[in-house]
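What's in structure_28.csv: CSV, C-alpha atoms and all ligand atoms
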chain,number,residue,atom,x,y,z
A,23,MET,CA,84.7,92.5,-41.7
A,24,LYS,CA,85.5,89.7,-44.0
A,25,ILE,CA,85.0,89.0,-47.7
A,26,ASN,CA,86.1,85.6,-48.8
A,27,ASN,CA,88.0,85.4,-45.5
A,28,GLN,CA,90.0,88.5,-46.1
A,29,HIS,CA,89.5,91.4,-43.7
A,30,TYR,CA,88.4,94.7,-45.4
A,31,HIS,CA,87.5,98.2,-44.3
A,32,THR,CA,85.3,100.2,-46.6
A,33,ILE,CA,88.0,103.0,-47.1
A,34,TRP,CA,91.7,103.0,-46.7
A,35,ILE,CA,95.1,104.3,-47.7
A,36,GLU,CA,97.8,101.8,-48.6
A,37,GLU,CA,101.3,102.1,-47.1
A,38,ASN,CA,103.6,104.2,-49.2
A,39,ILE,CA,100.8,105.4,-51.5
A,40,PRO,CA,99.5,108.4,-49.6
A,41,ASP,CA,97.9,110.1,-52.6
A,42,ILE,CA,95.3,107.4,-53.3
A,43,ILE,CA,92.1,106.6,-51.3
A,44,HIS,CA,90.8,103.1,-51.8
A,45,ILE,CA,87.1,102.3,-51.7
A,46,ILE,CA,85.0,99.3,-52.5
A,47,ASP,CA,82.5,100.0,-55.3
A,48,GLN,CA,79.2,99.4,-53.6
A,49,ARG,CA,77.2,99.9,-56.8
A,50,LYS,CA,78.6,96.6,-58.1
A,51,LEU,CA,78.0,94.4,-55.0
A,52,PRO,CA,77.1,91.7,-54.5
A,53,PHE,CA,77.8,90.7,-58.0
A,54,ILE,CA,81.3,92.1,-58.6
A,55,PHE,CA,83.9,93.0,-56.0
A,56,GLU,CA,85.9,96.0,-57.3
A,57,ILE,CA,88.2,98.5,-55.6
A,58,ILE,CA,88.2,102.1,-56.9
A,59,HIS,CA,91.2,104.4,-56.6
A,60,LEU,CA,90.3,108.0,-55.8
A,61,LYS,CA,92.9,110.7,-56.4
A,62,THR,CA,91.0,114.0,-56.2
A,63,ALA,CA,88.3,115.6,-54.1
A,64,GLU,CA,86.2,115.8,-57.2
A,65,GLU,CA,86.4,112.0,-57.6
A,66,VAL,CA,85.5,111.6,-53.9
A,67,ALA,CA,82.5,113.9,-54.4
A,68,GLU,CA,81.4,111.9,-57.5
A,69,SER,CA,81.7,108.6,-55.6
A,70,ILE,CA,79.4,110.0,-52.9
A,71,ILE,CA,76.9,111.3,-55.4
A,72,ASN,CA,76.8,108.1,-57.4
A,73,MET,CA,76.8,106.0,-54.2
A,74,ALA,CA,79.9,104.0,-54.9
A,75,VAL,CA,80.4,104.9,-51.2
A,76,ARG,CA,77.2,105.3,-49.1
A,77,GLY,CA,76.0,105.1,-45.6
A,78,ALA,CA,76.2,108.0,-43.1
A,79,PRO,CA,79.4,107.3,-41.3
A,80,LEU,CA,81.2,106.2,-44.5
A,81,ILE,CA,80.3,109.3,-46.5
A,82,GLY,CA,81.5,111.4,-43.5
A,83,VAL,CA,84.9,109.7,-43.6
A,84,ALA,CA,85.1,109.8,-47.4
A,85,ALA,CA,84.5,113.6,-47.3
A,86,ALA,CA,87.3,114.0,-44.7
A,87,TYR,CA,89.7,112.2,-47.1
A,88,GLY,CA,88.4,114.4,-49.9
A,89,MET,CA,89.4,117.5,-48.0
A,90,TYR,CA,92.9,115.9,-47.6
A,91,LEU,CA,93.2,115.0,-51.3
A,92,SER,CA,92.2,118.5,-52.4
A,93,LEU,CA,94.9,120.1,-50.2
A,94,LEU,CA,97.5,117.5,-51.4
A,95,ASN,CA,96.8,118.4,-55.1
A,96,TYR,CA,96.4,122.2,-54.7
A,97,ARG,CA,98.9,124.2,-56.7
A,98,GLY,CA,97.5,127.8,-56.2
A,99,ALA,CA,98.1,130.6,-53.8
A,100,ASP,CA,94.8,131.1,-52.0
A,101,LEU,CA,94.6,128.1,-49.7
A,102,ARG,CA,91.8,129.5,-47.6
A,103,SER,CA,89.4,130.0,-50.6
A,104,HIS,CA,90.4,126.6,-51.9
A,105,ILE,CA,89.6,124.9,-48.6
A,106,LEU,CA,86.1,126.5,-48.5
A,107,GLU,CA,85.4,125.7,-52.1
A,108,THR,CA,86.3,122.0,-51.6
A,109,ALA,CA,84.2,121.9,-48.5
A,110,TRP,CA,81.2,123.3,-50.5
A,111,LEU,CA,81.8,120.8,-53.3
A,112,LEU,CA,81.8,117.8,-50.8
A,113,LYS,CA,79.0,119.1,-48.7
A,114,SER,CA,76.7,119.5,-51.7
A,115,THR,CA,77.0,115.9,-52.7
A,116,ARG,CA,74.2,114.5,-50.5
A,117,PRO,CA,72.0,116.5,-48.1
A,118,THR,CA,70.6,114.2,-45.4
A,119,ALA,CA,73.3,112.4,-43.5
A,120,ILE,CA,74.6,114.9,-40.9
A,121,ASN,CA,77.9,113.0,-40.8
A,122,LEU,CA,79.0,114.6,-44.0
A,123,GLU,CA,78.5,118.1,-42.6
A,124,PHE,CA,80.1,117.2,-39.3
A,125,ALA,CA,83.2,115.7,-40.9
A,126,ILE,CA,83.7,118.6,-43.3
A,127,GLN,CA,83.2,121.3,-40.6
A,128,GLU,CA,85.7,119.5,-38.3
A,129,SER,CA,88.2,119.2,-41.1
A,130,ILE,CA,87.9,122.9,-42.0
A,131,GLU,CA,88.5,123.8,-38.3
A,132,ARG,CA,91.6,121.7,-38.3
A,133,VAL,CA,93.2,123.0,-41.5
A,134,ILE,CA,92.0,126.6,-41.9
A,135,GLY,CA,94.5,128.1,-39.4
A,136,CYS,CA,97.5,126.1,-40.6
A,137,ARG,CA,100.5,128.2,-41.4
A,138,ASP,CA,101.3,126.6,-44.8
A,139,GLN,CA,100.0,124.0,-47.2
A,140,SER,CA,102.2,121.1,-46.0
A,141,THR,CA,101.0,121.6,-42.4
A,142,ALA,CA,97.4,121.8,-43.7
A,143,ILE,CA,97.9,118.5,-45.7
A,144,LYS,CA,99.2,116.8,-42.5
A,145,ALA,CA,96.3,118.1,-40.4
A,146,ALA,CA,93.7,117.1,-42.9
A,147,LEU,CA,95.1,113.5,-43.2
A,148,GLU,CA,95.4,113.3,-39.4
A,149,TYR,CA,91.8,114.2,-39.0
A,150,ALA,CA,90.5,111.8,-41.7
A,151,THR,CA,92.5,109.0,-40.2
A,152,GLU,CA,91.3,109.9,-36.7
A,153,LEU,CA,87.7,110.0,-37.8
A,154,ARG,CA,88.0,106.7,-39.6
A,155,ASP,CA,89.5,105.1,-36.5
A,156,GLN,CA,86.9,106.7,-34.3
A,157,GLU,CA,84.1,105.4,-36.5
A,158,ILE,CA,85.5,101.9,-36.4
A,159,LYS,CA,85.6,102.1,-32.5
A,160,ASN,CA,82.1,103.7,-32.4
A,161,SER,CA,80.6,100.8,-34.5
A,162,SER,CA,82.2,98.2,-32.4
A,163,MET,CA,81.0,99.9,-29.2
A,164,ILE,CA,77.5,100.2,-30.7
A,165,GLY,CA,77.7,96.4,-31.2
A,166,TYR,CA,78.6,95.8,-27.5
A,167,ALA,CA,76.0,98.3,-26.3
A,168,GLY,CA,73.2,96.7,-28.3
A,169,LEU,CA,74.3,93.1,-27.6
A,170,PRO,CA,72.4,92.8,-24.3
A,171,ILE,CA,69.1,93.8,-26.0
A,172,ILE,CA,69.4,90.7,-28.2
A,173,ARG,CA,70.9,88.5,-25.4
A,174,ASN,CA,68.0,89.4,-23.1
A,175,LYS,CA,65.4,88.7,-25.8
A,176,TYR,CA,67.0,85.3,-26.4
A,177,LYS,CA,66.9,84.5,-22.7
A,178,THR,CA,63.2,85.5,-22.5
A,179,LEU,CA,62.2,83.7,-25.6
A,180,GLY,CA,64.5,80.7,-25.5
A,181,ARG,CA,64.6,80.5,-29.3
A,182,THR,CA,66.1,82.2,-32.3
A,183,VAL,CA,65.7,86.0,-32.1
A,184,ASN,CA,64.1,87.4,-35.2
A,185,ILE,CA,65.3,90.9,-36.0
A,186,LEU,CA,64.0,93.1,-38.8
A,187,THR,CA,66.3,95.7,-40.4
A,188,HIS,CA,65.8,98.3,-43.1
A,189,CYS,CA,68.4,99.5,-45.7
A,190,ASN,CA,72.0,98.6,-45.2
A,191,ALA,CA,73.4,99.8,-41.8
A,192,GLY,CA,76.2,97.3,-41.7
A,193,TRP,CA,79.9,97.6,-42.1
A,194,LEU,CA,79.6,98.7,-45.8
A,195,ALA,CA,77.7,101.8,-44.5
A,196,CYS,CA,80.4,102.4,-41.9
A,197,ILE,CA,84.1,101.5,-42.0
A,198,ASP,CA,83.7,98.3,-40.1
A,199,TRP,CA,81.0,96.5,-38.0
A,200,GLY,CA,78.1,98.9,-38.9
A,201,THR,CA,75.4,100.5,-36.8
A,202,ALA,CA,72.2,98.4,-36.8
A,203,LEU,CA,74.1,95.2,-37.8
A,204,ALA,CA,76.9,95.6,-35.2
A,205,PRO,CA,74.8,94.2,-32.3
A,206,ILE,CA,73.7,91.4,-34.5
A,207,TYR,CA,77.3,90.5,-35.5
A,208,LYS,CA,78.3,90.6,-31.8
A,209,ALA,CA,75.3,88.4,-30.8
A,210,ALA,CA,76.0,85.9,-33.6
A,211,ARG,CA,79.7,85.7,-32.6
A,212,GLU,CA,78.6,85.0,-29.0
A,213,GLY,CA,76.6,82.1,-30.2
A,214,ILE,CA,73.1,83.6,-29.8
A,215,PRO,CA,70.8,82.2,-32.5
A,216,VAL,CA,69.6,85.1,-34.6
A,217,HIS,CA,67.7,85.4,-37.9
A,218,VAL,CA,67.4,88.7,-39.8
A,219,TRP,CA,64.5,89.8,-41.9
A,220,VAL,CA,66.1,92.1,-44.5
A,221,ASP,CA,63.9,94.7,-46.1
A,222,GLU,CA,64.9,94.8,-49.8
A,223,THR,CA,64.9,98.7,-49.6
A,224,ARG,CA,63.7,99.9,-52.9
A,225,PRO,CA,64.7,101.7,-55.0
A,226,ARG,CA,68.4,101.1,-54.6
A,227,ASN,CA,67.9,97.7,-52.9
A,228,GLN,CA,70.6,98.2,-50.2
A,229,GLY,CA,68.9,95.5,-48.2
A,230,ALA,CA,68.6,92.9,-50.9
A,231,ARG,CA,72.1,93.6,-52.3
A,232,LEU,CA,74.3,94.8,-49.5
A,233,THR,CA,72.8,93.6,-46.2
A,234,ALA,CA,72.1,90.2,-47.6
A,235,TYR,CA,75.7,90.1,-48.9
A,236,GLU,CA,77.2,91.1,-45.5
A,237,LEU,CA,75.0,88.6,-43.6
A,238,LYS,CA,75.9,85.8,-46.0
A,239,GLU,CA,79.6,86.6,-45.7
A,240,GLU,CA,79.2,86.5,-41.9
A,241,GLY,CA,77.2,83.3,-42.0
A,242,ILE,CA,74.1,84.8,-40.3
A,243,PRO,CA,70.7,83.3,-41.2
A,244,HIS,CA,68.6,85.9,-43.0
A,245,THR,CA,65.6,86.3,-45.3
A,246,VAL,CA,65.1,89.1,-47.8
A,247,ILE,CA,61.5,90.4,-47.8
A,248,CYS,CA,59.7,93.0,-49.9
A,249,ASP,CA,59.5,96.3,-48.2
A,250,ASN,CA,55.8,95.9,-47.5
A,251,THR,CA,56.1,92.6,-45.7
A,252,GLY,CA,57.2,93.7,-42.2
A,253,GLY,CA,53.8,94.6,-40.9
A,254,HIS,CA,52.4,91.2,-41.7
A,255,LEU,CA,55.3,89.4,-40.1
A,256,MET,CA,54.9,91.6,-37.0
A,257,GLN,CA,51.2,90.7,-36.7
A,258,ARG,CA,52.1,87.0,-36.8
A,259,GLY,CA,54.7,87.3,-34.1
A,260,MET,CA,57.6,86.7,-36.5
A,261,VAL,CA,59.6,89.8,-35.6
A,262,ASP,CA,61.0,90.3,-32.1
A,263,ILE,CA,63.0,93.4,-32.5
A,264,VAL,CA,63.5,96.1,-35.2
A,265,ILE,CA,66.9,97.6,-35.4
A,266,VAL,CA,67.7,100.4,-38.0
A,267,GLY,CA,70.5,102.9,-38.5
A,268,SER,CA,70.2,106.6,-38.7
A,269,ASP,CA,71.4,109.4,-41.0
A,270,ARG,CA,70.5,112.2,-38.7
A,271,THR,CA,69.0,112.0,-35.2
A,272,SER,CA,67.8,115.1,-33.3
A,273,PRO,CA,68.7,115.8,-29.7
A,274,GLU,CA,65.0,115.0,-29.0
A,275,GLY,CA,65.4,111.5,-30.4
A,276,ASP,CA,63.7,111.8,-33.8
A,277,VAL,CA,65.4,109.5,-36.2
A,278,THR,CA,65.9,110.3,-39.9
A,279,ASN,CA,66.7,107.1,-41.8
A,280,LYS,CA,66.2,105.4,-45.2
A,281,ILE,CA,62.7,106.0,-46.6
A,282,GLY,CA,60.2,103.4,-45.2
A,283,THR,CA,61.7,103.3,-41.7
A,284,TYR,CA,58.8,105.4,-40.4
A,285,LEU,CA,56.2,102.8,-41.7
A,286,LYS,CA,58.1,100.0,-40.1
A,287,ALA,CA,58.2,101.9,-36.8
A,288,LEU,CA,54.4,102.5,-37.0
A,289,ALA,CA,53.7,98.9,-37.6
A,290,ALA,CA,56.1,97.8,-34.8
A,291,HIS,CA,54.4,100.3,-32.4
A,292,ASP,CA,51.0,98.8,-33.3
A,293,ASN,CA,52.3,95.4,-32.5
A,294,ASN,CA,54.3,96.2,-29.3
A,295,ILE,CA,57.6,95.4,-30.9
A,296,PRO,CA,60.6,97.4,-29.7
A,297,VAL,CA,62.3,99.6,-32.3
A,298,TYR,CA,65.9,100.6,-31.8
A,299,ALA,CA,68.0,103.1,-33.9
A,300,ALA,CA,71.7,102.4,-33.7
A,301,LEU,CA,74.0,105.4,-34.4
A,302,PRO,CA,77.3,106.9,-33.6
A,303,SER,CA,77.3,110.4,-32.1
A,304,SER,CA,78.5,111.7,-35.4
A,305,SER,CA,74.9,111.1,-36.7
A,306,ILE,CA,73.4,113.4,-34.1
A,307,ASP,CA,72.5,116.9,-35.3
A,308,TRP,CA,72.9,118.8,-32.1
A,309,GLN,CA,71.7,122.0,-33.8
A,310,ILE,CA,68.4,120.9,-35.4
A,311,GLU,CA,65.3,122.2,-33.7
A,312,ASP,CA,62.6,121.1,-36.2
A,313,MET,CA,62.8,117.7,-37.8
A,314,ASN,CA,60.5,119.0,-40.6
A,315,LYS,CA,63.5,121.0,-41.7
A,316,VAL,CA,65.8,118.0,-42.3
A,317,PRO,CA,66.8,118.1,-45.9
A,318,ILE,CA,65.4,115.0,-47.4
A,319,GLU,CA,67.3,113.8,-50.5
A,320,GLU,CA,65.3,113.5,-53.7
A,321,ARG,CA,67.1,111.3,-56.2
A,322,ASP,CA,66.6,110.7,-59.9
A,323,PRO,CA,63.1,109.1,-60.5
A,324,ILE,CA,64.8,106.7,-62.9
A,325,GLU,CA,65.8,104.7,-59.8
A,326,VAL,CA,62.1,104.1,-59.2
A,327,THR,CA,61.0,103.5,-62.7
A,328,SER,CA,63.8,101.0,-63.4
A,329,ILE,CA,65.5,98.2,-61.5
A,330,GLU,CA,69.1,97.0,-61.6
A,331,GLY,CA,70.3,93.5,-61.3
A,332,TRP,CA,72.6,90.7,-62.5
A,333,ASP,CA,71.6,89.0,-65.8
A,334,GLY,CA,74.1,86.3,-65.5
A,335,THR,CA,76.8,88.2,-67.4
A,336,GLU,CA,76.7,91.8,-66.3
A,337,ILE,CA,74.8,94.2,-64.1
A,338,SER,CA,72.0,95.7,-66.2
A,339,LYS,CA,69.0,97.8,-65.7
A,340,VAL,CA,65.4,97.2,-66.9
A,341,GLU,CA,62.4,99.4,-67.1
A,342,LEU,CA,59.5,98.8,-64.7
A,343,CYS,CA,56.9,101.4,-65.8
A,344,PRO,CA,55.2,102.6,-68.9
A,345,VAL,CA,57.5,105.0,-70.8
A,346,GLY,CA,57.2,108.6,-69.4
A,347,THR,CA,55.7,107.6,-66.1
A,348,LYS,CA,56.2,110.2,-63.4
A,349,ALA,CA,57.9,108.9,-60.3
A,350,ALA,CA,59.0,110.4,-57.0
A,351,ASN,CA,62.2,109.3,-55.3
A,352,TYR,CA,62.5,110.5,-51.7
A,353,GLY,CA,65.5,108.9,-50.0
A,354,PHE,CA,64.7,109.3,-46.3
A,355,ASP,CA,62.0,109.9,-43.8
A,356,VAL,CA,61.8,110.9,-40.1
A,357,THR,CA,60.5,108.6,-37.4
A,358,PRO,CA,59.3,110.6,-34.4
A,359,SER,CA,60.9,109.7,-31.1
A,360,ARG,CA,57.6,108.4,-29.6
A,361,LEU,CA,57.9,105.4,-32.0
A,362,ILE,CA,61.5,104.7,-31.0
A,363,THR,CA,62.2,102.4,-28.0
A,364,GLY,CA,65.8,103.3,-27.6
A,365,LEU,CA,68.9,104.6,-29.2
A,366,ILE,CA,72.0,102.4,-29.3
A,367,THR,CA,75.1,104.6,-29.3
A,368,GLU,CA,78.8,104.1,-28.7
A,369,ARG,CA,78.3,105.3,-25.2
A,370,GLY,CA,75.4,103.0,-24.4
A,371,VAL,CA,71.7,102.7,-24.9
A,372,CYS,CA,69.3,105.5,-24.0
A,373,LEU,CA,65.7,106.4,-24.4
A,374,ALA,CA,64.9,108.6,-27.4
A,375,ASP,CA,64.5,111.8,-25.5
A,376,LYS,CA,66.6,114.8,-24.8
A,377,SER,CA,67.4,114.2,-21.1
A,378,SER,CA,68.4,110.6,-21.8
A,379,ILE,CA,70.6,111.5,-24.8
A,380,LEU,CA,72.2,114.3,-22.8
A,381,SER,CA,72.9,111.9,-19.9
A,382,LEU,CA,75.1,109.9,-22.4
A,383,PHE,CA,76.6,113.1,-23.9
A,384,PRO,CA,76.8,115.5,-21.0
A,385,GLU,CA,79.3,117.7,-22.8
A,386,ARG,CA,76.5,118.8,-25.1
A,387,LYS,CA,74.4,120.3,-22.2
B,1,LIG,O1,71.2,106.1,-49.2
B,1,LIG,P1,72.2,105.4,-48.4
B,1,LIG,O2,72.4,104.0,-48.8
B,1,LIG,O3,73.4,106.1,-48.1
B,1,LIG,O4,71.4,105.3,-47.0
B,1,LIG,C1,72.0,104.6,-45.9
B,1,LIG,C2,71.0,104.4,-44.8
B,1,LIG,O5,69.9,104.9,-44.7
B,1,LIG,C3,71.6,103.7,-43.6
B,1,LIG,O6,70.6,103.0,-43.0
B,1,LIG,C4,72.2,104.7,-42.8
B,1,LIG,O7,73.2,105.5,-43.3
B,1,LIG,C5,72.2,104.6,-41.4
B,1,LIG,S1,73.5,103.9,-40.5
B,1,LIG,C6,74.8,103.4,-41.4

Would you give me this structure, written as structure tokens?
Ligand code: MRU
Amino acid sequence: MKINNQHYHTIWIEENIPDIIHIIDQRKLPFIFEIIHLKTAEEVAESIINMAVRGAPLIGVAAAYGMYLSLLNYRGADLRSHILETAWLLKSTRPTAINLEFAIQESIERVIGCRDQSTAIKAALEYATELRDQEIKNSSMIGYAGLPIIRNKYKTLGRTVNILTHCNAGWLACIDWGTALAPIYKAAREGIPVHVWVDETRPRNQGARLTAYELKEEGIPHTVICDNTGGHLMQRGMVDIVIVGSDRTSPEGDVTNKIGTYLKALAAHDNNIPVYAALPSSSIDWQIEDMNKVPIEERDPIEVTSIEGWDGTEISKVELCPVGTKAANYGFDVTPSRLITGLITERGVCLADKSSILSLFPERK
């Protein structure tokens, strides 16, 4: 996608500089556009923890590049232990998005049996590049799969389609295009009039800062709302579709996503508004049996008791609560499949239930 008319991905290697991973520092957007150079797996891990990179597909790809960097920099003799230690380091950065685990596991499988370090380096880089390219394709395919939902709504309504989204599930959360935003980008490029209600998404404000930024760059009409506003808009007929992303979806169609998604789905259900979760298959946890067991990230309460913004000169933080106030900062929640109208995947749209999901992914039967 474009920033000031220049095409960017969220993570890349530059030609002839194979030992540096480039990322966009998402902590500074939309105020400052800055590129960070990552040279070690530790730096990759830190960038995932501090959310310079974020979003389920992107942290998966970042971790795969982290595996590559750790092999590239290794100077010891026990390659196997080193691979497993790096995998543990990267996996322990954030618990909820399954993409992270998926990418690390796949990378281990590609490199662990390699006969020497240089073959392992090559295999790790090949995998990271392959995953990155695959996620770009997945996002674009999700866009095409979800487009008819918006197009049909437009045909029925004959006016601008109002779509509500939560968090940032756009190209910044992926490598390009996005998940929830991909169908919106495709629809807008097709000339369908759309307007996006953007939940601000406290405490990190991914909606207000990142989704609004992306939509502005893409020239798509949008309005940022407080997280509690969606229900009211739905009651007044001002929301036609809800589209969100997902950090971990079960084979039964339960969707883990940014905290607050569940409340939006409840309100939408009460108002007969369709709710779609858009996700690549790398966000499906094929193993999980009980969604109450999804590890829900709990972050520093300071993100709740303070707020960060631009004061005209720099990004700064101000306190919101009385000193010493206790706060809880749960990052994600689970929306049960009964509240989800459909899943938009790279293989098409399906109902949020096991047989429909397996009909798109028969190899998982
Ligand atoms: O905490 P974040 O910013 O990494 O959370 C991201 C989300 O919840 C997104 O909506 C998500 O990863 C789903 S699809 C890209």

Protein and nucleic acid residues within 8 Å of ligand LIG 1 (chain B) (all atoms listed in the file) as a PyMOL selection string: chain A and resi 73+75-81+119+188-193+195-196+200-202+226+228+266-269+279-281+300-301+353-354

What's around A:Gly252 at 9 Å? Count all atoms listed in the file, leave out sequence neighbours fewer than 5 positions away in its own chain, and write the answer as a list of chain:residue names. A:Leu186, A:Trp219, A:Asp221, A:Ile247, A:Gln257, A:Val261, A:Lys286, A:Ala289, A:Ala290

Proximity check stretch 62-103 of chain A to stretch 143-151 of chain A, 6 Å, nearest pairs one decimal Å, only C-alpha atoms, as a tab-separated table:
residue	atom	partner	partner_atom	distance
A:Ala86	CA	A:Ala150	CA	4.9
A:Tyr87	CA	A:Ala150	CA	5.5
A:Tyr90	CA	A:Ala146	CA	4.9
A:Leu93	CA	A:Ile143	CA	5.6
A:Leu94	CA	A:Ile143	CA	5.8

Counting all atoms listed in the file, which of A:Arg369, A:His254, A:His244, A:Arg231 gets nearest to A:Ile54?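 The closest residue to A:Ile54 is A:Arg231.
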
I'd like the neighbourhood of stretch 131-142 of chain A as a PyMOL selection string, where a residue qualifies if any of its atoms comes within 12 Å (using all atoms listed in the file), though same-chain residues fewer than 6 positions away should be ignored. chain A and resi 86+89-106+109+124-125+148-150+152

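Relative to atom CA of A:Thr283, atom CA of A:Leu365 is found at 14.5 Å.
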
Which polymer residues have any atom within 9 Å of an atom of A:Ile310, counting all atoms listed in the file, with same-chain residues fewer than 6 positions away left out, as an NGL selection string? :A and (271-273 or 316)

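Between atom CA of A:Ser359 and atom CA of A:Lys208 the separation is 25.8 Å.
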
A:Ala67 environment, 10 Å, all atoms listed in the file, sequence neighbours closer than 4 positions dropped, as a compact mmCIF listing (two decimals) with C-alpha atoms, in the frame of the given file:
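Written out: around_24.txt:
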# COMPACT_ATOMS: atom_id res chain seq x y z
CA LEU A 60 90.30 108.00 -55.80
CA THR A 62 91.00 114.00 -56.20
CA ALA A 63 88.30 115.60 -54.10
CA ILE A 71 76.90 111.30 -55.40
CA ASN A 72 76.80 108.10 -57.40
CA MET A 73 76.80 106.00 -54.20
CA VAL A 75 80.40 104.90 -51.20
CA ILE A 81 80.30 109.30 -46.50
CA ALA A 84 85.10 109.80 -47.40
CA ALA A 85 84.50 113.60 -47.30
CA GLY A 88 88.40 114.40 -49.90
CA THR A 108 86.30 122.00 -51.60
CA LEU A 111 81.80 120.80 -53.30
CA LEU A 112 81.80 117.80 -50.80
CA LYS A 113 79.00 119.10 -48.70
CA SER A 114 76.70 119.50 -51.70
CA THR A 115 77.00 115.90 -52.70
CA ARG A 116 74.20 114.50 -50.50

Within 7 Å of (59.9, 109.2, -32.5) in the file's own coordinates, which protein, DNA or RNA residues have an atom, counting all atoms listed in the file? List them as an NGL selection string. :A and (275-277 or 357-362)

What's the 10 Å shell around A:Asn293, counting all atoms listed in the file, without same-chain residues fewer than 5 positions away, as a PyMOL selection string? chain A and resi 253+256-259+261+287-288

Pick from A:Asp322, A:Asp375, A:Glu56, A:Glu368 nearest to A:Asn351, counting all atoms listed in the file: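 Result for the nearest residue to A:Asn351: A:Asp322.
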
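Atom pair atom CA of A:Val356 / atom CA of A:Val326 has a distance of 20.3 Å (rounded to one decimal).
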
Of the listed residues A:Glu222, A:Glu239, A:Glu107, A:Asp307, that which approaches A:Thr251 most closely, counting only C-alpha atoms: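 Result for the nearest residue to A:Thr251: A:Glu222.
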